[in-house]
Amino acid sequence: MSDSLDPIVAAWADRIRAAAADRIALHVRGGGSKDFYGRSVRGERFDTTDYRGIVAYEPTELVVTVRAGTPLAELEAELAAKGQMLAFEPPHFGSGATVGGAVAAGLSGPRRAAAGALRDFVLGVKLLDGRGEVLRFGGQVMKNVAGYDVSRLMAGSLGTLGVLLEVSLKVLPRPVAEATLRFDLGEAEAIGRLNAWGGRPLPISASAWADGALTVRLSGAEAAVQAALADLGGERVGADEAAAFWLGVREQTLPWFGAGVGGGALWRLSMPSAAAPLKLGGERFMEWGGAQRWLRSTEPAGRIRERAAQLGGHATLFRGGDRSGAVFHPLPAPLLAIHRRLKDAFDPADIFNPGRLHQDF
Amino acid sequence: MPETQVQSDEPLAAEHEADFAAIDKARLIEALARVLPVGALMYDPEDLRPYECDGLTAYRQVPLAVALPHDEEQVVAVLRACHEQGVPVVARGAGTGLSGGALPHDRGVLLSLARFNRILHLDPHSRTAVVQPGVRNLAISEAAAPHGLYYAPDPSSQIACTIGGNVAENAGGVHCLKYGLTVHNLLRVRGVTIEGEIVEIGSHALDSPGYDLLALMTGSEGMLAVVTEVTVKLTPKPVLAQCVLAAFDDVIKAGDAVAAIIAAGIIPAGLEMMDQPATAAVEEFVHAGYPLGAKAILLCESDGTPEEVAEEIARVRAVLEASGATEIRVSGSEAERLKFWAGRKAAFPAAGRISPDYFCMDGTIPRKRLGEMLEAIQAMEGKYGLRCINVFHAGDGNLHPLILFDANRPGETERAEAFGGEILELSVALGGTVTGEHGVGIEKIKQMCSQFASAEIRQFFRVKAAFDPPGLLNPGKAIPTLNRCAEYGRMRVSAGHVPYPDIPRF
């Protein structure tokens, strides 16, 4: 309760109540590093970066509680100093990325297929809803089934349900050993190999395929990494080159992601890991053991979506293209109705980032 | 100014229990009989009796009818009929839950998913299994075993509990520190809303567009939709598992050793703790060879490749030695590993053997407060004049104190309830939660009031209404109405009868 007396929170609550009364849209925003993501947003700027700082961090609890405006880089540096990390490897996409922004965007990096997504590590949140009320869900412990899991609901909600104040995240120790291997493989062979490896107890922590080369990262106990190196073959990539490569994958700073290549918009296709190659025009980059496929393409959105759905996945217009249309894969009617009611439950006056996730919310 | 708006959208259901007195049983039976085949509908009192409770046997309630649909179409029809007549529906899997989540509603239909017991598809290549909700947890791992795969979450009741129930409760187990809970091992849930709409939540991809409804569904105790199909992730089986048993002459030292293992960057596959009375109780029962002189014992499991396990066990051993362990044993064979675990798994039945009745608590606290909690429980034993034996999922701070009492002695039940209430109150005060893995159900519904403020409780009701606008799915469970927020409740095992006594308990 003492937090509601925090002058920043109190001022924000007042602003939200006033905006709700007057139906004024608020553009809730952290560092703005992911402004490119989602649908274009309207509304008064609501800057969350002033509410920052690590609230509680004890490495032996494997939990950190952070104010949402805390720079992601600051949190990661603090964790690294204690030999720990955010296992979902969140992309920053810019120097100003905040923890709250990372949670709201819900994006995970190269380790996702092995370690889990951002939402898997969210243990608790404190937020301001559209009534200006401070609400707490979840907590700071790993196992907690009291009440609906509203904390994880915030992951990927793009700020449309509330203003995040604090988040509690599970953290993990950094792996003792790491090594990167490269293989010359075509797309279909890479998909086959990655899924076959996925069925064996191998310490694969990341994978990336493009242009006939599959790069695989191993992380874990020294003995496990050494055994896998001997088992898998391939060409060993030097440690520095490997670190730069995986950072480039996470931040999309590799040459492949450069805007000039291939032309067209950047699509993210989330697929069953074993789904066949997309067979769509454009350049392809695959991660997550086959489950995340990037496509730079000028093909019409309808065709890309149709192909993604046919293979059991969905397609997001990640960067570029028409940001005023359906950026995310359309929802079937019964789910859309639930989405509308959830939005209404948290933000009855429809003031938070209206239109960012869907034309209606 | 904005105050009026805040008042206007408060869900009425949040304030008072709904009243279902006006339901017409004959009309309901008639409607259900039209949509269900012969043998799939029961309404004679003697047929309803087996469904009157789940694993929480202290609470019993006979429903108006039991529906046992064969397929999804019949589920849709049952839900539509209940929706039309405003009748509550309680979904049920195997009924092994410990919090009364599947306790029938006395004015409602009990919807058993027992006939949804088929594994529809198992794909070893993509490591997924599509199963019906009535499939037993262990059956999935058994079906996956020939492919070197298994379904990781292993709640103690896994030989009997169903995956649909696991989804409803977000079931855990002893390996969730490393492998996660149910929510981390699901890809997709197909379900039916109270309005009879089929919803596909999640997919065989790793994420889905829109809000994370899969997270909301998991652990929602059957209050948002009725699950008719589940896709789970399968995990490669570790080549080897080995268990370290460590003895300590002081419970605080054992608690500190748990923190030291985590601080060393080790995430064991399992990390369990038992205090001396618990060790004594199970030793008498299963003869696991536990050191009876120890004030506390730790069980620390390591799994992976043989090289990996050898490396981790060496590190664990070093930490335990530095933490003052008086004895360290490493399992030398699979038989010995299972023997180490046998005692831990027998804790609940052992409590049932040494005491006519017991309450099992399920709080979770930050790991560093374990010592404090144990000392407080010791003091409470004196205060309430009752014994308590303690088994913990120490790795994730989940406690199962078992409060021993005899309901036939005047005043003992009340004292045991007060004892349990104080433990749960302390769990919340120490920064934890009233339930780590057993769910709220009916058992801990009042204790939710100590964990959540009224604003959050109202919000839970709004979330429910987004899926179930008329509030007919499992009403009265999991989330207390504001009127109900008054006192604490707890699990009660009656007269020494452990529910499902043949199931190992963690």
# chains A, B, ... in the order shown; residues from 1 in each chain; ligands from 1
call {"tool": "closest_atom_pairs", "arguments": {"of": "range 356-462 of chain B", "to": "range 180-199 of chain B", "cutoff": "12 Å", "atoms": "only C-alpha atoms", "output": "tab-separated table"}}
result
residue	atom	partner	partner_atom	distance
B:Asp396	CA	B:Gly180	CA	10.7
B:Gly436	CA	B:Leu181	CA	10.6
B:Glu437	CA	B:Leu181	CA	9.1
call {"tool": "select_by_dssp", "arguments": {"residues": "range 91-327 of chain B", "states": "strand (DSSP E)", "output": "VMD selection string"}}
result
chain B and resid 91 to 92 109 to 112 119 to 123 128 to 131 149 to 150 186 to 192 198 to 202 226 to 233 235 to 236 240 to 248 270 to 275 296 to 304 327
call {"tool": "closest_residue", "arguments": {"among": "B:Thr279, B:Thr231, B:Ser323, B:Thr433", "to": "Val258 in chain B", "atoms": "only C-alpha atoms"}}
result
B:Ser323
call {"tool": "residues_around", "arguments": {"residues": "range 86-97 of chain A", "least_positions_apart": "4", "cutoff": "6 Å", "atoms": "only C-alpha atoms", "output": "PyMOL selection string"}}
result
chain A and resi 31+33+71-72+108-109+111-112+117-118+171+250-251
call {"tool": "write_last_selection", "arguments": {"atoms": "N, CA and C atoms", "output": "mmCIF file, in the first residue's frame"}}
result
data_model
loop_
_atom_site.group_PDB
_atom_site.id
_atom_site.type_symbol
_atom_site.label_atom_id
_atom_site.label_comp_id
_atom_site.auth_asym_id
_atom_site.auth_seq_id
_atom_site.Cartn_x
_atom_site.Cartn_y
_atom_site.Cartn_z
ATOM 1 N N GLY A 31 11.063 3.262 -23.208
ATOM 2 C CA GLY A 31 12.154 3.904 -23.945
ATOM 3 C C GLY A 31 11.849 4.153 -25.413
ATOM 4 N N SER A 33 11.918 2.026 -27.739
ATOM 5 C CA SER A 33 12.752 1.197 -28.619
ATOM 6 C C SER A 33 11.917 0.261 -29.484
ATOM 7 N N PRO A 71 15.928 0.709 -17.103
ATOM 8 C CA PRO A 71 16.518 0.275 -18.368
ATOM 9 C C PRO A 71 16.863 -1.218 -18.308
ATOM 10 N N LEU A 72 16.526 -1.917 -19.370
ATOM 11 C CA LEU A 72 16.791 -3.347 -19.458
ATOM 12 C C LEU A 72 18.290 -3.615 -19.292
ATOM 13 N N SER A 108 10.868 -12.515 -27.036
ATOM 14 C CA SER A 108 11.950 -13.305 -26.468
ATOM 15 C C SER A 108 13.039 -13.480 -27.524
ATOM 16 N N GLY A 109 14.239 -13.746 -27.054
ATOM 17 C CA GLY A 109 15.378 -13.858 -27.953
ATOM 18 C C GLY A 109 15.768 -15.279 -28.285
ATOM 19 N N ARG A 111 17.307 -17.744 -26.990
ATOM 20 C CA ARG A 111 17.213 -18.870 -26.061
ATOM 21 C C ARG A 111 15.773 -19.358 -25.855
ATOM 22 N N ARG A 112 14.820 -18.712 -26.495
ATOM 23 C CA ARG A 112 13.409 -18.982 -26.231
ATOM 24 C C ARG A 112 13.011 -20.466 -26.338
ATOM 25 N N ALA A 117 9.758 -18.588 -22.911
ATOM 26 C CA ALA A 117 9.511 -17.229 -23.371
ATOM 27 C C ALA A 117 9.491 -16.267 -22.192
ATOM 28 N N LEU A 118 9.494 -14.997 -22.498
ATOM 29 C CA LEU A 118 9.389 -13.978 -21.448
ATOM 30 C C LEU A 118 8.230 -14.300 -20.508
ATOM 31 N N VAL A 171 14.866 -15.415 -12.542
ATOM 32 C CA VAL A 171 16.170 -15.328 -13.211
ATOM 33 C C VAL A 171 16.874 -16.672 -13.067
ATOM 34 N N ARG A 250 19.776 -11.556 -31.815
ATOM 35 C CA ARG A 250 18.823 -11.028 -30.824
ATOM 36 C C ARG A 250 18.374 -9.618 -31.188
ATOM 37 N N GLU A 251 19.332 -8.786 -31.575
ATOM 38 C CA GLU A 251 19.022 -7.374 -31.838
ATOM 39 C C GLU A 251 18.693 -7.099 -33.303
#
call {"tool": "residues_around", "arguments": {"residues": "Pro45 in chain B", "least_positions_apart": "5", "cutoff": "12 Å", "atoms": "only C-alpha atoms", "output": "PyMOL selection string"}}
result
chain B and resi 50-52+61-66
call {"tool": "write_last_selection", "arguments": {"atoms": "C-alpha atoms", "output": "PDB file, in the first residue's frame"}}
result
ATOM      1  CA  PRO B  50     -19.551 -41.247  -6.111  1.00  0.00           C
ATOM      2  CA  TYR B  51     -19.220 -37.706  -7.431  1.00  0.00           C
ATOM      3  CA  GLU B  52     -19.985 -35.896  -4.181  1.00  0.00           C
ATOM      4  CA  GLN B  61     -22.118 -32.018  -2.131  1.00  0.00           C
ATOM      5  CA  VAL B  62     -24.462 -33.953  -4.372  1.00  0.00           C
ATOM      6  CA  PRO B  63     -25.159 -32.277  -7.754  1.00  0.00           C
ATOM      7  CA  LEU B  64     -28.539 -32.259  -9.480  1.00  0.00           C
ATOM      8  CA  ALA B  65     -27.119 -34.416 -12.271  1.00  0.00           C
ATOM      9  CA  VAL B  66     -23.926 -35.910 -13.605  1.00  0.00           C
TER      10      VAL B  66
END
call {"tool": "closest_residue", "arguments": {"among": "A:Ile191, A:Val125, A:Leu254, A:Arg341", "to": "Pro272 in chain A", "atoms": "only C-alpha atoms"}}
result
A:Ile191
call {"tool": "closest_residue", "arguments": {"among": "B:Glu375, B:Glu443, B:Glu417, B:Glu142", "to": "chain A", "atoms": "only C-alpha atoms"}}
result
B:Glu443
call {"tool": "decode", "arguments": {"residues": "range 61-98 of chain B", "atoms": "N, CA, C and O atoms", "output": "PDB file, in the first residue's frame"}}
result
ATOM      1  N   GLN B  61     -20.938 -32.682  -1.598  1.00  0.00           N
ATOM      2  CA  GLN B  61     -22.118 -32.018  -2.131  1.00  0.00           C
ATOM      3  C   GLN B  61     -22.637 -32.874  -3.276  1.00  0.00           C
ATOM      4  O   GLN B  61     -21.853 -33.281  -4.132  1.00  0.00           O
ATOM      5  N   VAL B  62     -23.918 -33.158  -3.276  1.00  0.00           N
ATOM      6  CA  VAL B  62     -24.462 -33.953  -4.372  1.00  0.00           C
ATOM      7  C   VAL B  62     -25.020 -32.994  -5.428  1.00  0.00           C
ATOM      8  O   VAL B  62     -25.769 -32.085  -5.091  1.00  0.00           O
ATOM      9  N   PRO B  63     -24.637 -33.175  -6.711  1.00  0.00           N
ATOM     10  CA  PRO B  63     -25.159 -32.277  -7.754  1.00  0.00           C
ATOM     11  C   PRO B  63     -26.575 -32.680  -8.148  1.00  0.00           C
ATOM     12  O   PRO B  63     -27.068 -33.735  -7.726  1.00  0.00           O
ATOM     13  N   LEU B  64     -27.219 -31.888  -8.970  1.00  0.00           N
ATOM     14  CA  LEU B  64     -28.539 -32.259  -9.480  1.00  0.00           C
ATOM     15  C   LEU B  64     -28.413 -33.409 -10.468  1.00  0.00           C
ATOM     16  O   LEU B  64     -29.259 -34.285 -10.523  1.00  0.00           O
ATOM     17  N   ALA B  65     -27.318 -33.373 -11.252  1.00  0.00           N
ATOM     18  CA  ALA B  65     -27.119 -34.416 -12.271  1.00  0.00           C
ATOM     19  C   ALA B  65     -25.649 -34.528 -12.594  1.00  0.00           C
ATOM     20  O   ALA B  65     -24.882 -33.586 -12.372  1.00  0.00           O
ATOM     21  N   VAL B  66     -25.277 -35.706 -13.108  1.00  0.00           N
ATOM     22  CA  VAL B  66     -23.926 -35.910 -13.605  1.00  0.00           C
ATOM     23  C   VAL B  66     -24.022 -36.200 -15.101  1.00  0.00           C
ATOM     24  O   VAL B  66     -24.800 -37.072 -15.511  1.00  0.00           O
ATOM     25  N   ALA B  67     -23.273 -35.443 -15.903  1.00  0.00           N
ATOM     26  CA  ALA B  67     -23.232 -35.682 -17.348  1.00  0.00           C
ATOM     27  C   ALA B  67     -21.884 -36.297 -17.689  1.00  0.00           C
ATOM     28  O   ALA B  67     -20.846 -35.838 -17.210  1.00  0.00           O
ATOM     29  N   LEU B  68     -21.907 -37.343 -18.496  1.00  0.00           N
ATOM     30  CA  LEU B  68     -20.687 -38.039 -18.909  1.00  0.00           C
ATOM     31  C   LEU B  68     -20.611 -38.064 -20.432  1.00  0.00           C
ATOM     32  O   LEU B  68     -20.773 -39.126 -21.046  1.00  0.00           O
ATOM     33  N   PRO B  69     -20.414 -36.914 -21.060  1.00  0.00           N
ATOM     34  CA  PRO B  69     -20.450 -36.874 -22.527  1.00  0.00           C
ATOM     35  C   PRO B  69     -19.340 -37.725 -23.144  1.00  0.00           C
ATOM     36  O   PRO B  69     -18.294 -37.939 -22.544  1.00  0.00           O
ATOM     37  N   HIS B  70     -19.622 -38.184 -24.371  1.00  0.00           N
ATOM     38  CA  HIS B  70     -18.657 -39.001 -25.103  1.00  0.00           C
ATOM     39  C   HIS B  70     -17.790 -38.160 -26.026  1.00  0.00           C
ATOM     40  O   HIS B  70     -16.705 -38.569 -26.403  1.00  0.00           O
ATOM     41  N   ASP B  71     -18.347 -37.044 -26.481  1.00  0.00           N
ATOM     42  CA  ASP B  71     -17.592 -36.244 -27.447  1.00  0.00           C
ATOM     43  C   ASP B  71     -17.848 -34.756 -27.233  1.00  0.00           C
ATOM     44  O   ASP B  71     -18.694 -34.367 -26.427  1.00  0.00           O
ATOM     45  N   GLU B  72     -17.104 -33.971 -27.980  1.00  0.00           N
ATOM     46  CA  GLU B  72     -17.173 -32.520 -27.810  1.00  0.00           C
ATOM     47  C   GLU B  72     -18.548 -31.964 -28.145  1.00  0.00           C
ATOM     48  O   GLU B  72     -19.015 -31.012 -27.512  1.00  0.00           O
ATOM     49  N   GLU B  73     -19.181 -32.572 -29.144  1.00  0.00           N
ATOM     50  CA  GLU B  73     -20.508 -32.111 -29.541  1.00  0.00           C
ATOM     51  C   GLU B  73     -21.477 -32.191 -28.356  1.00  0.00           C
ATOM     52  O   GLU B  73     -22.298 -31.302 -28.136  1.00  0.00           O
ATOM     53  N   GLN B  74     -21.368 -33.276 -27.602  1.00  0.00           N
ATOM     54  CA  GLN B  74     -22.230 -33.431 -26.426  1.00  0.00           C
ATOM     55  C   GLN B  74     -21.860 -32.435 -25.324  1.00  0.00           C
ATOM     56  O   GLN B  74     -22.731 -31.946 -24.610  1.00  0.00           O
ATOM     57  N   VAL B  75     -20.571 -32.127 -25.205  1.00  0.00           N
ATOM     58  CA  VAL B  75     -20.159 -31.112 -24.226  1.00  0.00           C
ATOM     59  C   VAL B  75     -20.797 -29.773 -24.588  1.00  0.00           C
ATOM     60  O   VAL B  75     -21.362 -29.074 -23.736  1.00  0.00           O
ATOM     61  N   VAL B  76     -20.716 -29.441 -25.873  1.00  0.00           N
ATOM     62  CA  VAL B  76     -21.308 -28.189 -26.347  1.00  0.00           C
ATOM     63  C   VAL B  76     -22.804 -28.166 -26.013  1.00  0.00           C
ATOM     64  O   VAL B  76     -23.317 -27.174 -25.479  1.00  0.00           O
ATOM     65  N   ALA B  77     -23.472 -29.275 -26.288  1.00  0.00           N
ATOM     66  CA  ALA B  77     -24.917 -29.332 -26.058  1.00  0.00           C
ATOM     67  C   ALA B  77     -25.262 -29.208 -24.569  1.00  0.00           C
ATOM     68  O   ALA B  77     -26.203 -28.507 -24.192  1.00  0.00           O
ATOM     69  N   VAL B  78     -24.475 -29.855 -23.725  1.00  0.00           N
ATOM     70  CA  VAL B  78     -24.710 -29.773 -22.277  1.00  0.00           C
ATOM     71  C   VAL B  78     -24.523 -28.330 -21.805  1.00  0.00           C
ATOM     72  O   VAL B  78     -25.340 -27.782 -21.058  1.00  0.00           O
ATOM     73  N   LEU B  79     -23.435 -27.704 -22.277  1.00  0.00           N
ATOM     74  CA  LEU B  79     -23.170 -26.334 -21.835  1.00  0.00           C
ATOM     75  C   LEU B  79     -24.249 -25.379 -22.331  1.00  0.00           C
ATOM     76  O   LEU B  79     -24.693 -24.497 -21.594  1.00  0.00           O
ATOM     77  N   ARG B  80     -24.694 -25.589 -23.576  1.00  0.00           N
ATOM     78  CA  ARG B  80     -25.760 -24.718 -24.102  1.00  0.00           C
ATOM     79  C   ARG B  80     -27.035 -24.861 -23.279  1.00  0.00           C
ATOM     80  O   ARG B  80     -27.677 -23.870 -22.943  1.00  0.00           O
ATOM     81  N   ALA B  81     -27.346 -26.106 -22.932  1.00  0.00           N
ATOM     82  CA  ALA B  81     -28.573 -26.344 -22.148  1.00  0.00           C
ATOM     83  C   ALA B  81     -28.450 -25.674 -20.776  1.00  0.00           C
ATOM     84  O   ALA B  81     -29.399 -25.041 -20.289  1.00  0.00           O
ATOM     85  N   CYS B  82     -27.289 -25.808 -20.156  1.00  0.00           N
ATOM     86  CA  CYS B  82     -27.095 -25.205 -18.832  1.00  0.00           C
ATOM     87  C   CYS B  82     -27.098 -23.680 -18.927  1.00  0.00           C
ATOM     88  O   CYS B  82     -27.631 -22.989 -18.065  1.00  0.00           O
ATOM     89  N   HIS B  83     -26.496 -23.179 -19.996  1.00  0.00           N
ATOM     90  CA  HIS B  83     -26.472 -21.728 -20.206  1.00  0.00           C
ATOM     91  C   HIS B  83     -27.895 -21.194 -20.346  1.00  0.00           C
ATOM     92  O   HIS B  83     -28.257 -20.200 -19.712  1.00  0.00           O
ATOM     93  N   GLU B  84     -28.682 -21.905 -21.121  1.00  0.00           N
ATOM     94  CA  GLU B  84     -30.047 -21.462 -21.370  1.00  0.00           C
ATOM     95  C   GLU B  84     -30.870 -21.423 -20.085  1.00  0.00           C
ATOM     96  O   GLU B  84     -31.666 -20.519 -19.864  1.00  0.00           O
ATOM     97  N   GLN B  85     -30.635 -22.401 -19.221  1.00  0.00           N
ATOM     98  CA  GLN B  85     -31.434 -22.465 -17.990  1.00  0.00           C
ATOM     99  C   GLN B  85     -30.727 -21.829 -16.790  1.00  0.00           C
ATOM    100  O   GLN B  85     -31.230 -21.890 -15.667  1.00  0.00           O
ATOM    101  N   GLY B  86     -29.543 -21.277 -17.010  1.00  0.00           N
ATOM    102  CA  GLY B  86     -28.824 -20.620 -15.914  1.00  0.00           C
ATOM    103  C   GLY B  86     -28.349 -21.582 -14.845  1.00  0.00           C
ATOM    104  O   GLY B  86     -28.387 -21.279 -13.649  1.00  0.00           O
ATOM    105  N   VAL B  87     -27.876 -22.757 -15.282  1.00  0.00           N
ATOM    106  CA  VAL B  87     -27.475 -23.808 -14.337  1.00  0.00           C
ATOM    107  C   VAL B  87     -25.946 -23.863 -14.203  1.00  0.00           C
ATOM    108  O   VAL B  87     -25.236 -23.893 -15.212  1.00  0.00           O
ATOM    109  N   PRO B  88     -25.434 -23.902 -12.974  1.00  0.00           N
ATOM    110  CA  PRO B  88     -23.979 -24.013 -12.784  1.00  0.00           C
ATOM    111  C   PRO B  88     -23.436 -25.348 -13.315  1.00  0.00           C
ATOM    112  O   PRO B  88     -24.130 -26.369 -13.273  1.00  0.00           O
ATOM    113  N   VAL B  89     -22.188 -25.308 -13.819  1.00  0.00           N
ATOM    114  CA  VAL B  89     -21.527 -26.499 -14.342  1.00  0.00           C
ATOM    115  C   VAL B  89     -20.150 -26.625 -13.683  1.00  0.00           C
ATOM    116  O   VAL B  89     -19.372 -25.670 -13.687  1.00  0.00           O
ATOM    117  N   VAL B  90     -19.880 -27.791 -13.119  1.00  0.00           N
ATOM    118  CA  VAL B  90     -18.572 -28.056 -12.534  1.00  0.00           C
ATOM    119  C   VAL B  90     -17.923 -29.181 -13.337  1.00  0.00           C
ATOM    120  O   VAL B  90     -18.455 -30.285 -13.403  1.00  0.00           O
ATOM    121  N   ALA B  91     -16.779 -28.877 -13.971  1.00  0.00           N
ATOM    122  CA  ALA B  91     -16.067 -29.902 -14.741  1.00  0.00           C
ATOM    123  C   ALA B  91     -15.217 -30.726 -13.787  1.00  0.00           C
ATOM    124  O   ALA B  91     -14.714 -30.223 -12.782  1.00  0.00           O
ATOM    125  N   ARG B  92     -15.047 -32.024 -14.132  1.00  0.00           N
ATOM    126  CA  ARG B  92     -14.290 -32.914 -13.272  1.00  0.00           C
ATOM    127  C   ARG B  92     -13.450 -33.868 -14.107  1.00  0.00           C
ATOM    128  O   ARG B  92     -13.918 -34.411 -15.109  1.00  0.00           O
ATOM    129  N   GLY B  93     -12.196 -34.059 -13.691  1.00  0.00           N
ATOM    130  CA  GLY B  93     -11.345 -35.052 -14.322  1.00  0.00           C
ATOM    131  C   GLY B  93     -11.363 -36.314 -13.492  1.00  0.00           C
ATOM    132  O   GLY B  93     -12.384 -36.979 -13.353  1.00  0.00           O
ATOM    133  N   ALA B  94     -10.206 -36.624 -12.864  1.00  0.00           N
ATOM    134  CA  ALA B  94     -10.141 -37.828 -12.031  1.00  0.00           C
ATOM    135  C   ALA B  94     -10.608 -37.555 -10.598  1.00  0.00           C
ATOM    136  O   ALA B  94     -10.784 -38.476  -9.817  1.00  0.00           O
ATOM    137  N   GLY B  95     -10.759 -36.287 -10.257  1.00  0.00           N
ATOM    138  CA  GLY B  95     -11.201 -35.958  -8.904  1.00  0.00           C
ATOM    139  C   GLY B  95     -10.142 -36.177  -7.844  1.00  0.00           C
ATOM    140  O   GLY B  95     -10.451 -36.472  -6.693  1.00  0.00           O
ATOM    141  N   THR B  96      -8.863 -36.024  -8.217  1.00  0.00           N
ATOM    142  CA  THR B  96      -7.788 -36.207  -7.235  1.00  0.00           C
ATOM    143  C   THR B  96      -7.374 -34.896  -6.576  1.00  0.00           C
ATOM    144  O   THR B  96      -6.509 -34.894  -5.706  1.00  0.00           O
ATOM    145  N   GLY B  97      -7.940 -33.787  -7.022  1.00  0.00           N
ATOM    146  CA  GLY B  97      -7.549 -32.476  -6.507  1.00  0.00           C
ATOM    147  C   GLY B  97      -7.720 -32.385  -5.001  1.00  0.00           C
ATOM    148  O   GLY B  97      -8.612 -33.004  -4.426  1.00  0.00           O
ATOM    149  N   LEU B  98      -6.838 -31.605  -4.354  1.00  0.00           N
ATOM    150  CA  LEU B  98      -6.822 -31.532  -2.893  1.00  0.00           C
ATOM    151  C   LEU B  98      -7.494 -30.284  -2.344  1.00  0.00           C
ATOM    152  O   LEU B  98      -7.467 -30.044  -1.146  1.00  0.00           O
TER     153      LEU B  98
END
